[in-house]
Each structure stands twice: as structure tokens, then as C-alpha cells.
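J.: Here it is: the structure, laid out below.
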Amino acid sequence: MRPSILIYSFVSGLAYGSATPPRNVHRGAARSTQQDALSGRQWPYAPFSTRGRDIVNSRGDVITWAGVNWPMSGETMIPEGLEWKSAADILDDVAGVGFNFIRMGYAIQMIDEIYDSGGHDVPMIDALTAALGSTNGTRVAEAIVSKNPGWTTKTTRFEIWSDIARTALKKGIFIQPDVHVGKAQWCCSHVDGNAWFDDVTFPVQNWLRGLSYVATWAKQHPNVVSMSLRNELRESWNRTDLYYNWETLVGNMTAGADAIHTAHNGLLITWSGMQYDQDLSALTAGKNILTAPCYKCTAIRDAHRRDPVVFDLAAHPWSDKIVWELHLYGGSEDLDTGTCDIIEAGLYRNGFNALGIRPNAAGCALTGDCPRATRLTPVIFSEFGHAQDSSLYSDLLQNCIKNFTMKNRVSWMMWALAGSYRIRQGTQDLVDTWGLTSPDWSSWNDPATVEGYWKPWVKAMNVTRKG
């Protein structure tokens, strides 16, 4: 049977493109240097697009990123660490490692609250006291203002985000808004309500509205050249009627890409995969999305009686804007991370084949599952992580990822910057040893590995610099 080509937008009756964003999305005048950058006359020479396996700027220069995740999707919905150090100093720390990219995870709840309040963004003091209580929220708000004297306790979340983006532009750092969760909280699990489309706290209509809002906000900031669609999609264990499979993924992600592109057609759009963003295999290899295998997927009972359906990226107006993104952690439920050969075979099969790289022969001989991609498309490694200590040097998975990115020129973002969280999973002032910073953000958690592990890795990537 001749494959059908999938072009539809999944959510019927939703006018996400015509919705008028709340009025404060464009608050504040851009400076002249920003105007030049927005016009493409200055760095970063936006808009960006894709050319085969590469991301390129408006001049045709190939772009390479190495960066870090900066969490802001917790209950306060304000970037972590600002009560300990100014935004400018945090960005100096990021740039000091050599990083040129920050993936900033946010919650759709942040936009929902703006719509719920008639278009008014939430002031810092209200956000913090709602999440931390009156005493601790006020204390943290005053600490943030003391470290960032250009702000007041009435400064809003998007005003903070805009200041960070403007400062990052001066320092040559790209900012990517990443939809980490729907409801603001720690991510991720099968039972957190954020797992899959129309899960308990993942209403699709709100998600699309949020994507459109943030894409509109991004027009002010030339170093915001990309947005993600959704972080770490996975099977919901709260609802069993949501059809966790490739067909549902493609339908909803197509609608999400439409929402972003309609609001801001200059943005790159990063598209994540199944099972905590481990698997894009059906899309990169051009498989029938009705029958293609995936871990814990909902079966389509009549799939073999239906015409095959193949996702055709070229059929969409954003075909030169899509960048695939993948994650991998040692705690994977289903992927073997026991040797570098088997890891590389899995990475190739699950989406990095779209780079046109050579498959790992030894690993593919074991799996027998290393198909070529049907189309060259950029693929980035937008999350992986480990405790920030000397065990990095001996950890098999981290060093396999490191070698894989260097030899194949794969852009990447490590998890994570934050050595502490204001609140996480009910605990205030939680310390996280997977974070690069110390708990009070005054230094690195492990300066030796920053110098001996991260800086050499970033240098080896020859990342894109301002200039």
C-alpha cells in the first residue's frame, strides 16, 4: 500500500494563531543594538534555519552549541539562584566555562496565570509568597532585589526573563525557552500529571496557547533563536485513555509547531521524542507511525488494515526549522547503557541517524536495528547529567556521550546549572549535587571537574562565538 503523508494539525477548532497575547508581552523598548541584531545585521545573525544536518544563521555559518540547563519551572517559576547571585554574574559564570547556550525550562502555568489575570504578569513577590509562604517568600524576594538592584519586588516573571535574555545577548549566549512542564513542579515521572497530551495538568489547548505566547515574546530577543515543543514526553499512569503512541505524538507536535511558527516564523523548533525523549526512531527512519514500535505504546488495533502513515517533514512550512532533540540518563527504563558500542547503536537508531553519521558497527551487529534516516536533519543532545564530582571521569555513560558529541559534532546541554532549589518536591532550600553551582551559588560545586572535564569538552566542540 502507498504510504499516506501526514500533514494535519491535530487539535480541531483551536485558533491558536489568531489569539491576541496579553498586552504586556512586548513590554519595554528594545535598545538599538538589539534592533540591529533583530534585523540580522549583527550577531547572532538571525533568523536561523536548517541545512541538511546543520543549523545555520542568516549568513550561512554553521552553528554549534554547548550549554547548560537553567531551571525555572519549579513552583516559583523564577530562575533558580537569583537570590544568591545577580543574573549578570550567573551569566558570567556560564560564559566562563565556555558555554554559549542556556536551555531554560519553564511551566505553561506561567502563561496560564497571565491569561487568568486579564493579561497581567505575576510580580515576583506574589510568585514567591504563593510558593514559599509569606515569610520565606518575602525573604527570598528581598534577597533577589538586593542582588539585582535594577528590579523591585513588583518586577514580573517575564520582565526577569527579558532582562536575562538581554544580558545574555551581550555575553554571546543563546537562550532557549523549553516547555518543561504544564503545572509548575519538579519533572519528570509517569504520575506527575505532565506526562502526555491532555494528562491531568497538560491540557493541550493551554499548551498551544503558551507556545504562541512565548514565541511572540521571543520576537524582542534576537538571541532567542529556538524554542522547544515539550520536554520528556512519556506514558501517563494517571489516565489510561490518552493513546500513547506515534500517531498521537505526531498530531500534537505538528499542532505545536504550527502554533510557534504562526506566532514567530523565524524560530527554530526543537522536537522531542517518546519515553522521556529517548526515541525519535519512527520519524527519522520514515516508518509507518501506525505500526512502528515504541516502548509502552498504545497499540492501534486496526493498524495493519489501514493505509500506512509516514510523517513527512518536507510537507510543512516549518520543514527548515525543525531540530530533533534527544535525552539519555543512566536510569533509563528500557535502554542498555552497559557499553559504548551498545549506547552508540541506540543513539543512532533512536534519532541521531538523521545526522548522516556512520553507525557503530559493533553495536549495530548486536542490535540488528540501525536503519538509515530518510532525511538529514539537525539533532541535539539537550539533556544528560550526573553528580558533579570526580566520578564523572570514570562514568561510562557520561564519557560515551562526551566522545559521541565530539566526534560527530553534536550540540549539547548538560543537566544542570542549579546546585540548589528554592523548593522542590515539597522541600525548601533543597541541595542538588548534580548541579554545577555550590548550594549558595558562590562557586562551583566541584571546581576541579569544571576545569578538568567541562571546559576541555566545551573547547573541543569549537562552539559558535559572538563576533
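The way I read the labels, and the way they are meant: chains A, B, ... in the order of the C-alpha cells, residue 1 as the first residue of every chain, and ligand 1 as the first ligand shown, with later ones counted on from there.
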Can you pull out the residues contacting range 345-354 of chain A? Cut-off 9 Å, using only C-alpha atoms, and skip same-chain residues under 6 positions away; I want them as a PyMOL selection string.
T.: chain A and resi 52-53+273+278-285+324-326+328+335-337+360-367+369-380
J.: Keeping only N, CA and C atoms, write those residues as an mmCIF file, in the first residue's frame.
T.:
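Listing of selection15.cif after writing:
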```cif
data_model
loop_
_atom_site.group_PDB
_atom_site.id
_atom_site.type_symbol
_atom_site.label_atom_id
_atom_site.label_comp_id
_atom_site.auth_asym_id
_atom_site.auth_seq_id
_atom_site.Cartn_x
_atom_site.Cartn_y
_atom_site.Cartn_z
ATOM 1 N N GLY A 52 20.397 20.570 5.713
ATOM 2 C CA GLY A 52 20.845 19.198 5.915
ATOM 3 C C GLY A 52 20.959 18.909 7.398
ATOM 4 N N ARG A 53 22.107 18.425 7.850
ATOM 5 C CA ARG A 53 22.315 18.075 9.248
ATOM 6 C C ARG A 53 22.663 19.279 10.120
ATOM 7 N N GLY A 273 11.233 13.352 21.633
ATOM 8 C CA GLY A 273 10.718 12.040 21.297
ATOM 9 C C GLY A 273 9.957 11.362 22.416
ATOM 10 N N GLN A 278 13.759 9.776 24.614
ATOM 11 C CA GLN A 278 14.828 8.854 24.209
ATOM 12 C C GLN A 278 14.682 8.376 22.768
ATOM 13 N N ASP A 279 13.490 8.524 22.160
ATOM 14 C CA ASP A 279 13.214 7.790 20.929
ATOM 15 C C ASP A 279 12.473 8.639 19.912
ATOM 16 N N LEU A 280 13.127 8.874 18.766
ATOM 17 C CA LEU A 280 12.517 9.520 17.610
ATOM 18 C C LEU A 280 12.580 8.615 16.380
ATOM 19 N N SER A 281 12.787 7.335 16.593
ATOM 20 C CA SER A 281 13.154 6.417 15.519
ATOM 21 C C SER A 281 12.127 6.348 14.391
ATOM 22 N N ALA A 282 10.846 6.355 14.721
ATOM 23 C CA ALA A 282 9.843 6.236 13.662
ATOM 24 C C ALA A 282 9.857 7.440 12.730
ATOM 25 N N LEU A 283 10.224 8.602 13.265
ATOM 26 C CA LEU A 283 10.206 9.823 12.462
ATOM 27 C C LEU A 283 11.464 9.960 11.615
ATOM 28 N N THR A 284 12.615 9.698 12.204
ATOM 29 C CA THR A 284 13.850 9.877 11.433
ATOM 30 C C THR A 284 14.030 8.785 10.377
ATOM 31 N N ALA A 285 13.535 7.578 10.650
ATOM 32 C CA ALA A 285 13.691 6.473 9.702
ATOM 33 C C ALA A 285 12.511 6.352 8.745
ATOM 34 N N TRP A 324 15.639 17.958 15.792
ATOM 35 C CA TRP A 324 15.303 16.864 16.711
ATOM 36 C C TRP A 324 16.142 17.008 17.986
ATOM 37 N N GLU A 325 15.572 16.637 19.134
ATOM 38 C CA GLU A 325 16.342 16.639 20.373
ATOM 39 C C GLU A 325 16.123 15.327 21.117
ATOM 40 N N LEU A 326 17.193 14.827 21.743
ATOM 41 C CA LEU A 326 17.146 13.571 22.485
ATOM 42 C C LEU A 326 17.825 13.722 23.843
ATOM 43 N N LEU A 328 19.327 11.199 27.378
ATOM 44 C CA LEU A 328 19.674 9.863 27.861
ATOM 45 C C LEU A 328 20.291 9.973 29.251
ATOM 46 N N LEU A 335 16.615 1.327 27.906
ATOM 47 C CA LEU A 335 17.797 1.326 27.045
ATOM 48 C C LEU A 335 19.015 0.765 27.774
ATOM 49 N N ASP A 336 19.770 -0.055 27.061
ATOM 50 C CA ASP A 336 21.002 -0.645 27.577
ATOM 51 C C ASP A 336 22.112 0.400 27.505
ATOM 52 N N THR A 337 22.701 0.715 28.655
ATOM 53 C CA THR A 337 23.806 1.673 28.702
ATOM 54 C C THR A 337 25.070 1.010 29.243
ATOM 55 N N ASN A 360 27.664 2.734 14.610
ATOM 56 C CA ASN A 360 28.643 1.928 15.331
ATOM 57 C C ASN A 360 28.475 0.473 14.912
ATOM 58 N N ALA A 361 29.440 -0.065 14.186
ATOM 59 C CA ALA A 361 29.297 -1.394 13.580
ATOM 60 C C ALA A 361 29.138 -2.479 14.633
ATOM 61 N N ALA A 362 29.940 -2.416 15.683
ATOM 62 C CA ALA A 362 29.883 -3.460 16.709
ATOM 63 C C ALA A 362 28.542 -3.431 17.441
ATOM 64 N N GLY A 363 28.093 -2.250 17.792
ATOM 65 C CA GLY A 363 26.818 -2.131 18.487
ATOM 66 C C GLY A 363 25.648 -2.522 17.605
ATOM 67 N N CYS A 364 25.681 -2.102 16.356
ATOM 68 C CA CYS A 364 24.580 -2.424 15.443
ATOM 69 C C CYS A 364 24.545 -3.903 15.097
ATOM 70 N N ALA A 365 25.707 -4.560 15.121
ATOM 71 C CA ALA A 365 25.724 -6.010 14.907
ATOM 72 C C ALA A 365 24.983 -6.733 16.028
ATOM 73 N N LEU A 366 25.041 -6.164 17.237
ATOM 74 C CA LEU A 366 24.334 -6.769 18.369
ATOM 75 C C LEU A 366 22.831 -6.498 18.300
ATOM 76 N N THR A 367 22.451 -5.257 17.962
ATOM 77 C CA THR A 367 21.024 -4.907 17.983
ATOM 78 C C THR A 367 20.301 -5.280 16.704
ATOM 79 N N ASP A 369 19.443 -3.283 14.509
ATOM 80 C CA ASP A 369 18.391 -2.273 14.365
ATOM 81 C C ASP A 369 19.007 -0.889 14.238
ATOM 82 N N CYS A 370 19.678 -0.652 13.106
ATOM 83 C CA CYS A 370 20.318 0.641 12.858
ATOM 84 C C CYS A 370 19.956 1.138 11.470
ATOM 85 N N PRO A 371 18.690 1.480 11.241
ATOM 86 C CA PRO A 371 18.268 1.942 9.916
ATOM 87 C C PRO A 371 18.803 3.323 9.598
ATOM 88 N N ARG A 372 18.988 3.596 8.333
ATOM 89 C CA ARG A 372 19.362 4.942 7.912
ATOM 90 C C ARG A 372 18.173 5.879 8.024
ATOM 91 N N ALA A 373 18.469 7.155 8.177
ATOM 92 C CA ALA A 373 17.420 8.168 8.184
ATOM 93 C C ALA A 373 16.987 8.460 6.752
ATOM 94 N N THR A 374 15.750 8.907 6.614
ATOM 95 C CA THR A 374 15.245 9.256 5.286
ATOM 96 C C THR A 374 15.541 10.697 4.908
ATOM 97 N N ARG A 375 15.967 11.496 5.885
ATOM 98 C CA ARG A 375 16.221 12.913 5.631
ATOM 99 C C ARG A 375 17.272 13.403 6.614
ATOM 100 N N LEU A 376 18.247 14.154 6.139
ATOM 101 C CA LEU A 376 19.221 14.770 7.033
ATOM 102 C C LEU A 376 18.565 15.940 7.764
ATOM 103 N N THR A 377 18.704 15.935 9.082
ATOM 104 C CA THR A 377 18.102 16.948 9.946
ATOM 105 C C THR A 377 19.000 17.124 11.163
ATOM 106 N N PRO A 378 19.157 18.340 11.689
ATOM 107 C CA PRO A 378 19.965 18.504 12.909
ATOM 108 C C PRO A 378 19.356 17.739 14.090
ATOM 109 N N VAL A 379 20.231 17.207 14.941
ATOM 110 C CA VAL A 379 19.821 16.526 16.172
ATOM 111 C C VAL A 379 20.738 17.028 17.284
ATOM 112 N N ILE A 380 20.147 17.425 18.418
ATOM 113 C CA ILE A 380 20.936 17.888 19.557
ATOM 114 C C ILE A 380 20.692 16.991 20.763
#
```
J.: Where does DSSP see strand (DSSP E) in range 21-240 of chain A, if you list the residues as an MDAnalysis selection string?
T.: chainID A and resid 49:51 54:56 62:63 66:69 101:107 174:181 226:228
J.: Which is closest to Gln176 in chain A among A:Ser226, A:Ser212, A:Asn445, A:Ser73, if we use only C-alpha atoms?
T.: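 Looking only at the distances to Gln176 in chain A, the closest residue turns out to be A:Ser226.
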J.: So the first atom is CA of Ile111 in chain A and the second is CA of Ser162 in chain A; what is the distance between them in Å, to one decimal place?
T.: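 Interatomic distance here is 14.7 Å.
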J.: Find, counting only C-alpha atoms, the residue in A:Asp389, A:Glu75, A:Glu333, A:Asp126 that gets nearest to Cys187 in chain A.
T.: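 Counting only C-alpha atoms, the residue closest to Cys187 in chain A is A:Glu75.
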J.: Go through A:Ile55, A:Ala95, A:Asn408, A:Trp318 one by one, measure the shortest atom-to-atom distance of each to Gly256 in chain A using only C-alpha atoms, and give the residue with the smallest value.
T.: A:Trp318
J.: Looking at only C-alpha atoms, which of A:Arg358, A:Lys219, A:Arg157, A:Lys455 is the one that sits closest to Met72 in chain A?
T.: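 Checking each of A:Arg358, A:Lys219, A:Arg157, A:Lys455 against Met72 in chain A, counting only C-alpha atoms, the winner is A:Arg157.
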J.: Quick one: contact table of range 74-106 of chain A to range 417-429 of chain A, 10 Å max, nearest atom pair and distance in Å to one decimal per residue, counting only C-alpha atoms, chain and number order, as JSON lines?
T.:
```
{"residue": "A:Gly74", "atom": "CA", "partner": "A:Arg424", "partner_atom": "CA", "distance": 6.8}
{"residue": "A:Glu75", "atom": "CA", "partner": "A:Ile423", "partner_atom": "CA", "distance": 7.0}
{"residue": "A:Thr76", "atom": "CA", "partner": "A:Arg422", "partner_atom": "CA", "distance": 8.0}
{"residue": "A:Ile78", "atom": "CA", "partner": "A:Arg422", "partner_atom": "CA", "distance": 9.7}
{"residue": "A:Pro79", "atom": "CA", "partner": "A:Ala418", "partner_atom": "CA", "distance": 9.3}
{"residue": "A:Glu80", "atom": "CA", "partner": "A:Tyr421", "partner_atom": "CA", "distance": 6.2}
{"residue": "A:Gly81", "atom": "CA", "partner": "A:Ala418", "partner_atom": "CA", "distance": 6.9}
{"residue": "A:Glu83", "atom": "CA", "partner": "A:Arg422", "partner_atom": "CA", "distance": 9.3}
{"residue": "A:Ile90", "atom": "CA", "partner": "A:Leu417", "partner_atom": "CA", "distance": 9.5}
{"residue": "A:Asp93", "atom": "CA", "partner": "A:Leu417", "partner_atom": "CA", "distance": 10.0}
{"residue": "A:Val94", "atom": "CA", "partner": "A:Leu417", "partner_atom": "CA", "distance": 8.5}
{"residue": "A:Ile102", "atom": "CA", "partner": "A:Leu417", "partner_atom": "CA", "distance": 9.3}
```
J.: Let me see the file: selected residues, N, CA and C atoms, as a compact mmCIF listing (two decimals), in the first residue's frame.
T.:
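That gives us part_27.txt:
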```
# COMPACT_ATOMS: atom_id res chain seq x y z
N GLY A 74 10.15 25.33 38.48
CA GLY A 74 9.65 24.99 39.80
C GLY A 74 8.49 25.88 40.21
N GLU A 75 8.00 25.68 41.42
CA GLU A 75 6.77 26.33 41.84
C GLU A 75 6.81 27.85 41.80
N THR A 76 7.97 28.47 41.95
CA THR A 76 8.04 29.93 41.88
C THR A 76 8.03 30.45 40.45
N ILE A 78 10.48 31.27 38.67
CA ILE A 78 11.53 32.28 38.56
C ILE A 78 12.86 31.53 38.52
N PRO A 79 13.78 31.90 37.64
CA PRO A 79 15.03 31.15 37.53
C PRO A 79 15.72 30.96 38.88
N GLU A 80 16.20 29.75 39.10
CA GLU A 80 16.85 29.43 40.36
C GLU A 80 18.15 30.23 40.53
N GLY A 81 18.49 30.54 41.78
CA GLY A 81 19.78 31.12 42.10
C GLY A 81 19.86 32.62 42.19
N GLU A 83 18.53 34.74 44.11
CA GLU A 83 18.65 35.28 45.47
C GLU A 83 20.08 35.18 46.00
N ILE A 90 25.70 35.32 37.24
CA ILE A 90 25.42 33.92 36.87
C ILE A 90 25.76 33.70 35.40
N ASP A 93 29.40 33.39 34.93
CA ASP A 93 29.86 32.05 35.30
C ASP A 93 29.63 31.08 34.14
N VAL A 94 28.45 31.16 33.54
CA VAL A 94 28.12 30.29 32.41
C VAL A 94 29.11 30.52 31.26
N ILE A 102 21.87 28.43 26.83
CA ILE A 102 21.13 28.10 28.05
C ILE A 102 19.74 27.63 27.66
```
J.: With only C-alpha atoms as the basis for distance, which of A:Met104, A:Trp84, A:Val463, A:Thr156 is at the shortest distance from Asp440 in chain A?
T.: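 Using only C-alpha atoms, the shortest distance to Asp440 in chain A belongs to A:Trp84.
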J.: CA of Ala303 in chain A and CA of Ser319 in chain A are how many Å apart?
T.: 26.7 Å
J.: Assign secondary structure with DSSP using the backbone only, and return the residues of range 280-420 of chain A in helix (DSSP H, G or I) as a ChimeraX atom specification.
T.: /A:281-284,303-305,313-315,340-350,352-355,361-367,390-394,396-408
J.: Since we have the selection now, will you write its residues out, keeping N, CA and C atoms, as a CSV table (one decimal), in the first residue's frame?
T.:
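So the final result, stored in result.csv, reads:
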```
chain,number,residue,atom,x,y,z
A,281,SER,N,12.8,7.3,16.6
A,281,SER,CA,13.2,6.4,15.5
A,281,SER,C,12.1,6.3,14.4
A,282,ALA,N,10.8,6.4,14.7
A,282,ALA,CA,9.8,6.2,13.7
A,282,ALA,C,9.9,7.4,12.7
A,283,LEU,N,10.2,8.6,13.3
A,283,LEU,CA,10.2,9.8,12.5
A,283,LEU,C,11.5,10.0,11.6
A,284,THR,N,12.6,9.7,12.2
A,284,THR,CA,13.9,9.9,11.4
A,284,THR,C,14.0,8.8,10.4
A,303,ALA,N,-4.3,-1.2,12.8
A,303,ALA,CA,-3.2,-0.5,12.0
A,303,ALA,C,-2.8,-1.2,10.7
A,304,HIS,N,-2.8,-2.6,10.7
A,304,HIS,CA,-2.4,-3.3,9.6
A,304,HIS,C,-3.5,-3.3,8.5
A,305,ARG,N,-4.7,-2.9,8.8
A,305,ARG,CA,-5.7,-2.8,7.8
A,305,ARG,C,-5.9,-1.4,7.2
A,313,LEU,N,8.3,15.6,7.0
A,313,LEU,CA,8.7,16.9,7.4
A,313,LEU,C,8.6,17.9,6.3
A,314,ALA,N,9.0,17.5,5.1
A,314,ALA,CA,9.1,18.4,3.9
A,314,ALA,C,7.7,19.0,3.6
A,315,ALA,N,6.6,18.4,4.0
A,315,ALA,CA,5.3,18.9,3.7
A,315,ALA,C,4.8,20.1,4.5
A,340,CYS,N,29.9,1.4,25.4
A,340,CYS,CA,29.8,2.5,24.5
A,340,CYS,C,29.2,2.0,23.1
A,341,ASP,N,29.6,0.8,22.7
A,341,ASP,CA,29.1,0.3,21.4
A,341,ASP,C,27.6,0.2,21.4
A,342,ILE,N,27.0,-0.3,22.5
A,342,ILE,CA,25.6,-0.5,22.6
A,342,ILE,C,24.9,0.8,22.7
A,343,ILE,N,25.5,1.8,23.5
A,343,ILE,CA,25.0,3.1,23.6
A,343,ILE,C,24.9,3.8,22.3
A,344,GLU,N,26.0,3.8,21.5
A,344,GLU,CA,26.0,4.4,20.2
A,344,GLU,C,25.1,3.8,19.2
A,345,ALA,N,24.9,2.5,19.3
A,345,ALA,CA,23.9,1.9,18.4
A,345,ALA,C,22.5,2.4,18.7
A,346,GLY,N,22.2,2.5,20.0
A,346,GLY,CA,20.9,3.0,20.4
A,346,GLY,C,20.7,4.5,20.1
A,347,LEU,N,21.7,5.3,20.2
A,347,LEU,CA,21.6,6.7,19.9
A,347,LEU,C,21.4,6.8,18.4
A,348,TYR,N,22.1,6.0,17.6
A,348,TYR,CA,21.9,6.1,16.1
A,348,TYR,C,20.5,5.7,15.7
A,349,ARG,N,20.0,4.6,16.3
A,349,ARG,CA,18.7,4.1,15.9
A,349,ARG,C,17.6,5.0,16.4
A,350,ASN,N,17.8,5.7,17.5
A,350,ASN,CA,16.7,6.5,18.1
A,350,ASN,C,16.6,7.9,17.6
A,352,PHE,N,19.8,9.9,16.1
A,352,PHE,CA,21.0,10.5,15.6
A,352,PHE,C,21.4,10.1,14.2
A,353,ASN,N,20.7,9.0,13.7
A,353,ASN,CA,20.9,8.7,12.3
A,353,ASN,C,20.6,9.8,11.3
A,354,ALA,N,19.7,10.8,11.8
A,354,ALA,CA,19.4,11.9,11.0
A,354,ALA,C,20.6,12.9,10.7
A,355,LEU,N,21.7,12.7,11.4
A,355,LEU,CA,22.9,13.5,11.1
A,355,LEU,C,23.7,12.9,9.9
A,361,ALA,N,29.4,-0.1,14.2
A,361,ALA,CA,29.3,-1.4,13.6
A,361,ALA,C,29.1,-2.5,14.6
A,362,ALA,N,29.9,-2.4,15.7
A,362,ALA,CA,29.9,-3.5,16.7
A,362,ALA,C,28.5,-3.4,17.4
A,363,GLY,N,28.1,-2.2,17.8
A,363,GLY,CA,26.8,-2.1,18.5
A,363,GLY,C,25.6,-2.5,17.6
A,364,CYS,N,25.7,-2.1,16.4
A,364,CYS,CA,24.6,-2.4,15.4
A,364,CYS,C,24.5,-3.9,15.1
A,365,ALA,N,25.7,-4.6,15.1
A,365,ALA,CA,25.7,-6.0,14.9
A,365,ALA,C,25.0,-6.7,16.0
A,366,LEU,N,25.0,-6.2,17.2
A,366,LEU,CA,24.3,-6.8,18.4
A,366,LEU,C,22.8,-6.5,18.3
A,367,THR,N,22.5,-5.3,18.0
A,367,THR,CA,21.0,-4.9,18.0
A,367,THR,C,20.3,-5.3,16.7
A,390,SER,N,34.3,13.9,41.1
A,390,SER,CA,35.3,13.2,40.3
A,390,SER,C,34.9,11.9,39.6
A,391,SER,N,33.7,11.4,40.0
A,391,SER,CA,33.2,10.2,39.4
A,391,SER,C,32.8,10.4,37.9
A,392,LEU,N,32.7,11.7,37.5
A,392,LEU,CA,32.5,12.0,36.1
A,392,LEU,C,33.5,11.3,35.2
A,393,TYR,N,34.8,11.4,35.7
A,393,TYR,CA,35.9,10.9,34.8
A,393,TYR,C,35.7,9.4,34.6
A,394,SER,N,35.1,8.6,35.4
A,394,SER,CA,35.0,7.2,35.3
A,394,SER,C,33.6,6.7,34.9
A,396,LEU,N,30.8,5.6,32.7
A,396,LEU,CA,30.8,5.0,31.3
A,396,LEU,C,29.9,5.9,30.5
A,397,LEU,N,28.6,6.0,30.9
A,397,LEU,CA,27.6,6.7,30.0
A,397,LEU,C,28.1,8.2,29.7
A,398,GLN,N,28.5,8.9,30.8
A,398,GLN,CA,28.9,10.3,30.5
A,398,GLN,C,30.0,10.4,29.5
A,399,ASN,N,31.0,9.5,29.6
A,399,ASN,CA,32.1,9.6,28.7
A,399,ASN,C,31.8,9.1,27.3
A,400,CYS,N,30.9,8.2,27.2
A,400,CYS,CA,30.4,7.7,25.9
A,400,CYS,C,29.7,8.9,25.2
A,401,ILE,N,28.8,9.6,26.0
A,401,ILE,CA,28.1,10.8,25.4
A,401,ILE,C,29.2,11.8,25.0
A,402,LYS,N,30.1,12.1,25.9
A,402,LYS,CA,31.1,13.1,25.6
A,402,LYS,C,31.9,12.8,24.3
A,403,ASN,N,32.3,11.5,24.1
A,403,ASN,CA,33.1,11.2,22.9
A,403,ASN,C,32.2,11.2,21.7
A,404,PHE,N,30.9,10.8,21.9
A,404,PHE,CA,30.0,10.8,20.8
A,404,PHE,C,29.7,12.2,20.3
A,405,THR,N,29.5,13.1,21.1
A,405,THR,CA,29.3,14.5,20.7
A,405,THR,C,30.5,15.1,20.0
A,406,MET,N,31.7,14.8,20.5
A,406,MET,CA,32.9,15.4,20.0
A,406,MET,C,33.2,14.9,18.6
A,407,LYS,N,33.1,13.6,18.4
A,407,LYS,CA,33.4,13.0,17.1
A,407,LYS,C,32.4,13.2,16.0
A,408,ASN,N,31.1,13.5,16.5
A,408,ASN,CA,30.0,13.7,15.5
A,408,ASN,C,29.5,15.1,15.5
```
J.: Just to confirm, what's the straight-line distance from CA of Phe384 in chain A to CA of Trp454 in chain A in Å (one decimal)?
T.: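 Between CA of Phe384 in chain A and CA of Trp454 in chain A the gap works out to 13.3 Å.
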J.: Identify, on the basis of only C-alpha atoms, every residue whose closest approach to Phe197 in chain A does not exceed 9 Å; exclude the query and any residue fewer than 6 positions from it along the same chain; express the result as number ranges by chain.
T.: A: 203-204, 233, 236, 242, 244, 248-249, 252
